[in-house]
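Text of the file query_13.cif, holding mmCIF, C-alpha atoms and all ligand atoms:
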```cif
data_structure
#
loop_
_atom_site.group_PDB
_atom_site.id
_atom_site.type_symbol
_atom_site.label_atom_id
_atom_site.label_comp_id
_atom_site.auth_asym_id
_atom_site.auth_seq_id
_atom_site.Cartn_x
_atom_site.Cartn_y
_atom_site.Cartn_z
ATOM 1 C CA MET A 75 141.829 37.240 100.200
ATOM 2 C CA LEU A 76 141.599 39.120 103.471
ATOM 3 C CA ALA A 77 139.480 36.266 104.784
ATOM 4 C CA ILE A 78 142.226 33.773 103.967
ATOM 5 C CA ILE A 79 144.903 35.938 105.550
ATOM 6 C CA ASN A 80 142.851 36.369 108.710
ATOM 7 C CA ALA A 81 142.052 32.652 108.890
ATOM 8 C CA LEU A 82 145.740 31.857 108.514
ATOM 9 C CA LYS A 83 146.563 34.291 111.303
ATOM 10 C CA ASP A 84 143.948 32.704 113.566
ATOM 11 C CA TRP A 85 145.193 29.176 112.925
ATOM 12 C CA ARG A 86 148.853 29.955 112.438
ATOM 13 C CA HIS A 87 149.896 27.922 115.475
ATOM 14 C CA PHE A 88 148.483 24.807 113.816
ATOM 15 C CA LEU A 89 149.267 25.546 110.166
ATOM 16 C CA GLU A 90 152.684 27.097 109.890
ATOM 17 C CA GLY A 91 155.526 24.709 109.139
ATOM 18 C CA LEU A 92 153.353 21.690 108.369
ATOM 19 C CA PRO A 93 155.288 19.051 106.404
ATOM 20 C CA LYS A 94 152.331 18.405 104.061
ATOM 21 C CA PRO A 95 150.146 20.979 102.301
ATOM 22 C CA PHE A 96 146.774 21.746 103.938
ATOM 23 C CA GLU A 97 143.601 22.722 102.078
ATOM 24 C CA ILE A 98 141.871 26.080 101.891
ATOM 25 C CA TRP A 99 138.339 25.932 100.495
ATOM 26 C CA SER A 100 137.374 29.108 98.734
ATOM 27 C CA ASP A 101 135.729 30.568 95.652
ATOM 28 C CA HIS A 102 138.259 30.739 92.810
ATOM 29 C CA GLU A 103 136.341 33.464 91.025
ATOM 30 C CA ASN A 104 137.111 35.908 93.804
ATOM 31 C CA LEU A 105 140.746 34.888 93.749
ATOM 32 C CA LYS A 106 141.361 35.028 89.979
ATOM 33 C CA TYR A 107 142.747 38.510 90.313
ATOM 34 C CA TRP A 108 145.546 37.166 92.462
ATOM 35 C CA ARG A 109 146.588 34.548 89.908
ATOM 36 C CA GLU A 110 147.607 37.188 87.369
ATOM 37 C CA PRO A 111 150.721 39.302 87.750
ATOM 38 C CA GLN A 112 149.634 42.432 89.629
ATOM 39 C CA ASP A 113 151.124 45.637 90.802
ATOM 40 C CA LEU A 114 150.784 45.155 94.518
ATOM 41 C CA SER A 115 150.041 47.727 97.124
ATOM 42 C CA ARG A 116 152.212 47.597 100.220
ATOM 43 C CA ARG A 117 149.464 45.880 102.123
ATOM 44 C CA GLN A 118 149.037 43.260 99.411
ATOM 45 C CA ALA A 119 152.774 42.724 99.287
ATOM 46 C CA ARG A 120 152.707 42.003 103.005
ATOM 47 C CA TRP A 121 149.947 39.467 102.337
ATOM 48 C CA ALA A 122 152.025 37.773 99.649
ATOM 49 C CA GLN A 123 154.942 37.574 102.013
ATOM 50 C CA TYR A 124 152.730 36.175 104.759
ATOM 51 C CA LEU A 125 151.226 33.550 102.430
ATOM 52 C CA SER A 126 154.671 32.301 101.493
ATOM 53 C CA ARG A 127 155.074 31.042 105.063
ATOM 54 C CA PHE A 128 152.357 28.435 104.541
ATOM 55 C CA ASN A 129 152.242 25.232 102.535
ATOM 56 C CA PHE A 130 148.691 25.126 101.175
ATOM 57 C CA VAL A 131 146.464 24.308 98.210
ATOM 58 C CA LEU A 132 143.183 26.004 97.356
ATOM 59 C CA THR A 133 140.131 23.902 96.570
ATOM 60 C CA HIS A 134 137.253 25.289 94.555
ATOM 61 C CA ILE A 135 133.829 25.920 96.074
ATOM 62 C CA ALA A 136 131.504 27.854 93.791
ATOM 63 C CA GLY A 137 130.684 31.413 94.853
ATOM 64 C CA VAL A 138 126.940 30.841 94.371
ATOM 65 C CA LYS A 139 127.134 28.195 97.035
ATOM 66 C CA ASN A 140 129.406 30.129 99.339
ATOM 67 C CA ILE A 141 126.796 32.832 99.987
ATOM 68 C CA LYS A 142 127.551 33.563 103.634
ATOM 69 C CA ALA A 143 131.231 34.147 102.942
ATOM 70 C CA ASP A 144 130.454 36.188 99.831
ATOM 71 C CA VAL A 145 128.372 38.769 101.639
ATOM 72 C CA LEU A 146 131.153 39.279 104.154
ATOM 73 C CA SER A 147 133.831 39.620 101.490
ATOM 74 C CA ARG A 148 131.938 42.494 99.862
ATOM 75 C CA ARG A 149 131.965 44.843 102.796
ATOM 76 C CA PRO A 150 133.114 48.181 101.381
ATOM 77 C CA ASP A 151 135.488 48.808 104.278
ATOM 78 C CA TYR A 152 137.492 45.732 103.220
ATOM 79 C CA GLN A 153 138.257 47.299 99.849
ATOM 80 C CA VAL A 154 141.940 48.036 99.358
ATOM 81 C CA TRP A 155 142.539 51.431 97.822
ATOM 82 C CA ASP A 156 146.214 52.259 97.989
ATOM 83 C CA PHE A 157 148.191 51.806 94.762
ATOM 84 C CA GLU A 158 151.919 51.881 95.170
ATOM 85 C CA ASP A 159 155.000 49.801 94.371
ATOM 86 C CA ASN A 160 155.481 46.021 94.054
ATOM 87 C CA LYS A 161 154.830 45.707 90.342
ATOM 88 C CA ASP A 162 153.926 42.519 88.492
ATOM 89 C CA GLN A 163 153.550 40.114 91.366
ATOM 90 C CA ILE A 164 151.595 36.865 91.430
ATOM 91 C CA VAL A 165 150.134 36.215 94.859
ATOM 92 C CA LEU A 166 148.495 32.839 94.251
ATOM 93 C CA ARG A 167 150.540 30.539 92.030
ATOM 94 C CA PRO A 168 148.924 27.786 89.902
ATOM 95 C CA GLU A 169 150.109 25.064 92.288
ATOM 96 C CA HIS A 170 147.845 26.600 94.909
ATOM 97 C CA PHE A 171 144.813 25.524 92.925
ATOM 98 C CA VAL A 172 143.351 22.015 92.705
ATOM 99 C CA LYS A 173 140.231 20.877 90.944
ATOM 100 C CA ILE A 174 138.070 18.370 92.741
ATOM 101 C CA ALA A 175 138.248 15.188 90.696
ATOM 102 C CA THR A 176 134.879 13.673 89.917
ATOM 103 C CA SER A 177 136.029 10.428 91.447
ATOM 104 C CA TYR A 178 136.436 12.224 94.742
ATOM 105 C CA VAL A 179 132.703 12.719 95.105
ATOM 106 C CA LEU A 180 131.303 9.956 92.919
ATOM 107 C CA ASN A 181 132.103 6.288 93.310
ATOM 108 C CA ASP A 182 132.759 4.195 90.188
ATOM 109 C CA GLU A 183 129.340 2.630 90.078
ATOM 110 C CA LEU A 184 127.448 5.933 90.425
ATOM 111 C CA GLU A 185 129.713 7.554 87.851
ATOM 112 C CA ARG A 186 129.004 4.762 85.340
ATOM 113 C CA ARG A 187 125.249 5.071 85.924
ATOM 114 C CA THR A 188 125.404 8.857 85.539
ATOM 115 C CA ARG A 189 127.242 8.526 82.210
ATOM 116 C CA GLU A 190 124.757 5.991 80.886
ATOM 117 C CA ALA A 191 121.762 8.071 81.983
ATOM 118 C CA VAL A 192 123.118 11.244 80.378
ATOM 119 C CA VAL A 193 123.119 9.538 76.974
ATOM 120 C CA GLN A 194 119.483 8.546 77.422
ATOM 121 C CA GLU A 195 118.143 12.010 78.217
ATOM 122 C CA ALA A 196 116.957 13.624 74.988
ATOM 123 C CA GLU A 197 116.775 17.142 76.419
ATOM 124 C CA VAL A 198 120.310 17.030 77.640
ATOM 125 C CA LEU A 199 121.502 15.616 74.349
ATOM 126 C CA GLN A 200 119.819 18.487 72.505
ATOM 127 C CA GLY A 201 121.598 20.932 74.741
ATOM 128 C CA LEU A 202 124.854 19.184 74.006
ATOM 129 C CA GLU A 203 124.135 19.255 70.285
ATOM 130 C CA LYS A 204 123.762 23.017 70.594
ATOM 131 C CA LEU A 205 127.093 23.167 72.333
ATOM 132 C CA ARG A 206 128.787 21.165 69.599
ATOM 133 C CA LYS A 207 127.222 23.168 66.776
ATOM 134 C CA SER A 208 128.286 26.441 68.287
ATOM 135 C CA ARG A 209 131.672 24.822 68.836
ATOM 136 C CA LEU A 210 131.645 26.138 72.347
ATOM 137 C CA HIS A 211 132.792 24.196 75.298
ATOM 138 C CA ARG A 212 130.441 26.189 77.421
ATOM 139 C CA LEU A 213 126.954 27.531 76.813
ATOM 140 C CA THR A 214 125.597 30.520 78.630
ATOM 141 C CA ASP A 215 122.001 31.224 77.763
ATOM 142 C CA GLY A 216 120.446 33.688 80.175
ATOM 143 C CA THR A 217 120.037 31.809 83.394
ATOM 144 C CA LEU A 218 121.267 28.529 81.934
ATOM 145 C CA GLU A 219 124.857 27.599 82.143
ATOM 146 C CA TRP A 220 125.796 24.162 80.928
ATOM 147 C CA GLU A 221 129.143 22.592 80.404
ATOM 148 C CA GLU A 222 130.173 19.228 79.009
ATOM 149 C CA SER A 223 133.342 17.528 80.072
ATOM 150 C CA ASP A 224 134.393 13.952 79.392
ATOM 151 C CA GLY A 225 130.849 12.637 78.956
ATOM 152 C CA LEU A 226 129.485 14.279 82.095
ATOM 153 C CA ILE A 227 127.255 17.345 82.180
ATOM 154 C CA TYR A 228 127.753 20.247 84.546
ATOM 155 C CA TYR A 229 125.204 22.905 85.396
ATOM 156 C CA LYS A 230 126.798 25.974 86.986
ATOM 157 C CA GLU A 231 129.823 23.851 87.868
ATOM 158 C CA LYS A 232 127.745 21.186 89.623
ATOM 159 C CA LEU A 233 127.548 17.679 88.212
ATOM 160 C CA TYR A 234 124.146 17.202 86.604
ATOM 161 C CA ILE A 235 122.384 14.002 87.717
ATOM 162 C CA PRO A 236 119.897 12.754 85.108
ATOM 163 C CA ASN A 237 116.490 11.424 86.051
ATOM 164 C CA ALA A 238 117.270 7.722 85.791
ATOM 165 C CA PRO A 239 115.568 5.130 88.026
ATOM 166 C CA GLY A 240 117.065 5.285 91.509
ATOM 167 C CA LEU A 241 120.101 7.337 90.510
ATOM 168 C CA ARG A 242 119.252 10.578 92.331
ATOM 169 C CA HIS A 243 118.096 8.536 95.306
ATOM 170 C CA ASP A 244 121.451 6.766 95.465
ATOM 171 C CA ILE A 245 123.365 10.033 95.171
ATOM 172 C CA VAL A 246 121.470 11.443 98.161
ATOM 173 C CA LYS A 247 121.969 8.173 100.008
ATOM 174 C CA GLN A 248 125.712 8.387 99.456
ATOM 175 C CA CYS A 249 125.745 11.908 100.890
ATOM 176 C CA HIS A 250 123.492 11.031 103.820
ATOM 177 C CA ASP A 251 123.964 7.435 104.977
ATOM 178 C CA ALA A 252 127.668 6.857 104.445
ATOM 179 C CA ILE A 253 129.468 5.935 107.641
ATOM 180 C CA THR A 254 131.822 8.908 107.339
ATOM 181 C CA VAL A 255 128.895 11.350 107.070
ATOM 182 C CA GLY A 256 126.490 9.892 109.605
ATOM 183 C CA HIS A 257 122.984 11.196 108.766
ATOM 184 C CA PRO A 258 123.532 14.965 108.810
ATOM 185 C CA GLY A 259 119.783 15.815 108.823
ATOM 186 C CA ARG A 260 117.818 17.772 106.225
ATOM 187 C CA TRP A 261 119.936 20.919 105.931
ATOM 188 C CA GLY A 262 123.227 19.107 106.297
ATOM 189 C CA THR A 263 122.234 16.717 103.545
ATOM 190 C CA ILE A 264 121.041 19.501 101.246
ATOM 191 C CA GLU A 265 124.317 21.273 101.819
ATOM 192 C CA ALA A 266 126.346 18.145 101.096
ATOM 193 C CA VAL A 267 124.444 17.216 97.926
ATOM 194 C CA THR A 268 124.189 20.720 96.458
ATOM 195 C CA GLN A 269 127.894 21.236 96.937
ATOM 196 C CA PHE A 270 128.661 18.822 94.100
ATOM 197 C CA TYR A 271 125.435 17.918 92.262
ATOM 198 C CA TRP A 272 122.507 19.547 90.589
ATOM 199 C CA TRP A 273 119.112 18.510 89.255
ATOM 200 C CA PRO A 274 115.781 20.368 89.053
ATOM 201 C CA ARG A 275 113.913 20.691 92.380
ATOM 202 C CA MET A 276 116.649 18.821 94.189
ATOM 203 C CA LYS A 277 115.901 20.396 97.588
ATOM 204 C CA GLU A 278 112.366 18.965 97.548
ATOM 205 C CA PHE A 279 113.802 15.614 96.594
ATOM 206 C CA ILE A 280 116.365 15.647 99.403
ATOM 207 C CA THR A 281 113.807 16.805 101.988
ATOM 208 C CA LYS A 282 111.583 13.876 101.063
ATOM 209 C CA TYR A 283 114.530 11.560 101.480
ATOM 210 C CA THR A 284 115.582 12.822 104.918
ATOM 211 C CA ASP A 285 111.959 12.983 106.143
ATOM 212 C CA GLY A 286 111.684 9.347 105.147
ATOM 213 C CA CYS A 287 114.888 8.261 106.864
ATOM 214 C CA ASP A 288 113.952 6.085 109.799
ATOM 215 C CA LEU A 289 117.168 6.608 111.706
ATOM 216 C CA CYS A 290 116.991 10.416 111.355
ATOM 217 C CA GLN A 291 113.424 10.520 112.665
ATOM 218 C CA ARG A 292 114.409 8.526 115.723
ATOM 219 C CA MET A 293 117.504 10.648 116.387
ATOM 220 C CA LYS A 294 115.786 13.988 115.827
ATOM 221 C CA ALA A 295 115.272 14.932 119.482
ATOM 222 C CA ALA A 296 118.948 14.456 120.225
ATOM 223 C CA THR A 297 120.092 16.899 117.564
ATOM 224 C CA HIS A 298 118.240 19.890 119.053
ATOM 225 C CA PRO A 299 119.565 20.592 122.535
ATOM 226 C CA LYS A 300 117.371 23.023 124.509
ATOM 227 C CA ALA A 301 120.141 24.685 126.532
ATOM 228 C CA THR A 302 121.213 28.114 125.306
ATOM 229 C CA LEU A 303 124.832 28.589 124.340
ATOM 230 C CA GLN A 304 127.029 31.009 126.260
ATOM 231 C CA PRO A 305 130.342 32.323 124.962
ATOM 232 C CA ASN A 306 133.333 31.452 127.128
ATOM 233 C CA GLU A 307 135.087 34.210 129.041
ATOM 234 C CA VAL A 308 138.323 35.387 127.509
ATOM 235 C CA PRO A 309 141.184 33.848 129.535
ATOM 236 C CA GLU A 310 143.569 36.322 131.173
ATOM 237 C CA GLY A 311 146.765 34.311 131.080
ATOM 238 C CA PRO A 312 148.329 31.042 129.987
ATOM 239 C CA TRP A 313 146.946 27.773 131.403
ATOM 240 C CA GLN A 314 144.141 29.447 133.364
ATOM 241 C CA THR A 315 141.433 28.130 131.120
ATOM 242 C CA ILE A 316 142.024 24.777 129.520
ATOM 243 C CA GLY A 317 140.091 22.320 127.423
ATOM 244 C CA ILE A 318 140.359 18.539 127.658
ATOM 245 C CA ASP A 319 139.215 16.171 124.972
ATOM 246 C CA PHE A 320 139.417 12.421 124.883
ATOM 247 C CA ILE A 321 139.822 10.734 121.531
ATOM 248 C CA VAL A 322 139.176 7.039 122.020
ATOM 249 C CA LYS A 323 139.279 3.739 120.118
ATOM 250 C CA LEU A 324 142.337 4.598 118.062
ATOM 251 C CA PRO A 325 144.561 1.845 116.646
ATOM 252 C CA LYS A 326 146.761 0.471 119.460
ATOM 253 C CA SER A 327 150.189 2.039 119.837
ATOM 254 C CA ASN A 328 152.683 1.109 122.571
ATOM 255 C CA GLY A 329 149.825 -0.441 124.544
ATOM 256 C CA TYR A 330 147.568 2.641 124.393
ATOM 257 C CA ASP A 331 144.332 2.932 122.424
ATOM 258 C CA SER A 332 143.296 6.551 123.131
ATOM 259 C CA ILE A 333 144.672 10.037 123.671
ATOM 260 C CA ALA A 334 143.864 12.912 126.003
ATOM 261 C CA VAL A 335 144.301 16.316 124.385
ATOM 262 C CA TYR A 336 144.908 19.318 126.650
ATOM 263 C CA VAL A 337 144.630 22.739 125.010
ATOM 264 C CA ASP A 338 145.332 26.026 126.744
ATOM 265 C CA HIS A 339 142.716 28.507 125.530
ATOM 266 C CA PHE A 340 145.095 31.441 125.950
ATOM 267 C CA THR A 341 148.265 30.326 124.157
ATOM 268 C CA LYS A 342 146.778 27.400 122.207
ATOM 269 C CA GLN A 343 149.641 25.301 123.563
ATOM 270 C CA THR A 344 148.645 21.657 123.304
ATOM 271 C CA HIS A 345 149.660 18.520 125.188
ATOM 272 C CA VAL A 346 148.681 15.160 123.754
ATOM 273 C CA LEU A 347 148.948 12.278 126.225
ATOM 274 C CA PRO A 348 148.511 8.567 125.515
ATOM 275 C CA ILE A 349 145.801 6.856 127.636
ATOM 276 C CA ASN A 350 143.589 3.811 127.538
ATOM 277 C CA LYS A 351 139.876 3.969 126.872
ATOM 278 C CA SER A 352 139.286 2.208 130.191
ATOM 279 C CA ILE A 353 140.710 5.156 132.165
ATOM 280 C CA ASN A 354 138.533 6.269 135.113
ATOM 281 C CA ALA A 355 138.149 9.580 136.945
ATOM 282 C CA GLU A 356 141.018 8.751 139.291
ATOM 283 C CA GLY A 357 143.252 7.910 136.347
ATOM 284 C CA VAL A 358 142.485 11.216 134.676
ATOM 285 C CA ALA A 359 143.209 13.080 137.926
ATOM 286 C CA ASP A 360 146.560 11.259 138.229
ATOM 287 C CA LEU A 361 147.407 12.065 134.642
ATOM 288 C CA HIS A 362 146.511 15.677 135.198
ATOM 289 C CA VAL A 363 148.734 16.020 138.266
ATOM 290 C CA LYS A 364 151.666 14.210 136.642
ATOM 291 C CA GLU A 365 151.617 15.846 133.245
ATOM 292 C CA ILE A 366 149.775 19.178 133.443
ATOM 293 C CA PHE A 367 149.804 20.445 137.048
ATOM 294 C CA ARG A 368 153.571 19.797 137.195
ATOM 295 C CA LEU A 369 154.094 22.222 134.311
ATOM 296 C CA HIS A 370 151.321 24.760 134.610
ATOM 297 C CA GLY A 371 149.773 24.696 138.102
ATOM 298 C CA ILE A 372 146.050 24.772 138.827
ATOM 299 C CA PRO A 373 143.768 26.092 136.079
ATOM 300 C CA ARG A 374 140.795 28.306 136.918
ATOM 301 C CA LYS A 375 138.489 26.562 134.496
ATOM 302 C CA ILE A 376 138.425 23.243 132.702
ATOM 303 C CA PHE A 377 136.226 22.604 129.697
ATOM 304 C CA SER A 378 135.508 19.054 128.682
ATOM 305 C CA THR A 379 132.935 17.154 126.706
ATOM 306 C CA GLY A 380 134.555 13.854 127.608
ATOM 307 C CA ALA A 381 132.611 13.334 130.859
ATOM 308 C CA LEU A 382 131.232 10.074 129.447
ATOM 309 C CA TYR A 383 134.545 8.411 129.987
ATOM 310 C CA LEU A 384 135.090 9.586 133.533
ATOM 311 C CA ARG A 385 133.602 6.607 135.334
ATOM 312 C CA HIS A 386 134.193 5.961 138.997
ATOM 313 C CA GLY A 387 135.778 2.737 140.217
HETATM 314 ZN ZN ZN B 401 119.201 9.617 108.057
#
```
File written out as structure tokens:
Amino acid sequence: MLAIINALKDWRHFLEGLPKPFEIWSDHENLKYWREPQDLSRRQARWAQYLSRFNFVLTHIAGVKNIKADVLSRRPDYQVWDFEDNKDQIVLRPEHFVKIATSYVLNDELERRTREAVVQEAEVLQGLEKLRKSRLHRLTDGTLEWEESDGLIYYKEKLYIPNAPGLRHDIVKQCHDAITVGHPGRWGTIEAVTQFYWWPRMKEFITKYTDGCDLCQRMKAATHPKATLQPNEVPEGPWQTIGIDFIVKLPKSNGYDSIAVYVDHFTKQTHVLPINKSINAEGVADLHVKEIFRLHGIPRKIFSTGALYLRHG
């Protein structure tokens, strides 16, 4: 909970007053406490008040998966000890929670194949039989934790992918090759697949897949830059240190196809200016003088990764 509050404070300038709800990805288990009416401490009451300023929904990511965050959230000095007034308060209301629909991660064809394959796996069927006999929706048997829902099997809240010809391969492919994902490499792919799916020895399987991906092998060098990273100095005042980003090839609007985004690292104030992809160095300098210098003077430092677009001529 403290993590969410702190994240909201960090990003408040972007998040507060948004017309549509934004998503917070977190582990529901840790947040269950907040869904029940509680007697709040003063600090917690302040949190509840702060949360009410934001329009958000929480999306589930299993705690087992969210290891890095989990370790941090268990630091003893983050424990809240004071017990005072504010009785019977619910901090996180049900509308703050959404369940990821299966269709969100699985396309129709893969879902159909998964359903068909589940029926053909004897072991899984036996497990299900056990579930039905015990009239439990959920079976917890030592380290095993299976759940059946609407013809699909879940293992520890991940969708179980049966060993049918090509099915696991196509699941990995969907998480690795899709144009929106763009070949995230071995660890990125493992992370993407294990977020939603499970099958035995899946990491081995995924590693084999990424090692065999022609495009990934050719791009490998580019994904490991040799230069060491240095933290930026903390800016001392507004518009002394600014960042410029160019977002190009957008749908045309009023004759422009790109935008230049200026962000002041101190105040987070942002200017978004329409430009064309064909803009050159001179054009950017003009834009800067007209739109930024006029308001904020000369910055001490400019950060930009958009140098590609600053052609001469
Ligand atoms: Zn690849």
Write out, as a tab-separated table, each residue of chain A that has an atom at most 10 Å from ligand ZN 401 (chain B), together with the closest pair of atoms and their distance in Å to one decimal, counting all atoms listed in the file, rows going by chain and rising number.
```
residue	atom	partner	partner_atom	distance
A:Lys247	CA	B:ZN401	ZN	8.6
A:Cys249	CA	B:ZN401	ZN	10.0
A:His250	CA	B:ZN401	ZN	6.2
A:Asp251	CA	B:ZN401	ZN	6.1
A:Ala252	CA	B:ZN401	ZN	9.6
A:Val255	CA	B:ZN401	ZN	9.9
A:Gly256	CA	B:ZN401	ZN	7.5
A:His257	CA	B:ZN401	ZN	4.2
A:Pro258	CA	B:ZN401	ZN	6.9
A:Gly259	CA	B:ZN401	ZN	6.3
A:Arg260	CA	B:ZN401	ZN	8.5
A:Thr263	CA	B:ZN401	ZN	8.9
A:Tyr283	CA	B:ZN401	ZN	8.3
A:Thr284	CA	B:ZN401	ZN	5.8
A:Asp285	CA	B:ZN401	ZN	8.2
A:Gly286	CA	B:ZN401	ZN	8.1
A:Cys287	CA	B:ZN401	ZN	4.7
A:Asp288	CA	B:ZN401	ZN	6.6
A:Leu289	CA	B:ZN401	ZN	5.1
A:Cys290	CA	B:ZN401	ZN	4.0
A:Gln291	CA	B:ZN401	ZN	7.4
A:Arg292	CA	B:ZN401	ZN	9.1
A:Met293	CA	B:ZN401	ZN	8.6
A:Lys294	CA	B:ZN401	ZN	9.5
```
Q. Given the file above and the PyMOL selection byres (((chain A and resi 187) around 10) and not hetatm), which residues are selected, and can you give them as a list in words?
A.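 Output from the PyMOL selection byres (((chain A and resi 187) around 10) and not hetatm), applied to this file: Asp182, Glu183, Leu184, Glu185, Arg186, Thr188, Arg189, Glu190, Ala191, Val192, Ile235, Pro236, Ala238, Pro239, Gly240 and Leu241 of chain A.
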Q: One decimal, Å: what's the distance from CA of Glu310 in chain A over to CA of Lys83 in chain A, could you say?
A: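 Interatomic distance, CA of Glu310 in chain A to CA of Lys83 in chain A: 20.2 Å.
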Q | Exercise: Ile349 in chain A partners within 9 Å, only C-alpha atoms, chain neighbours under 3 positions left out, as a ChimeraX atom specification | A | /A:320,322,329-334,352-353,358,361
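Between CA of Trp99 in chain A and CA of Thr281 in chain A there is a distance of 26.2 Å.
We find CA of Tyr228 in chain A and CA of Gly262 in chain A to be spaced 22.2 Å apart.
Residues within 7 Å of Val246 in chain A, counting only C-alpha atoms and excluding same-chain residues fewer than 4 positions away, are Arg242, His250, Val267 and Ile280 of chain A.
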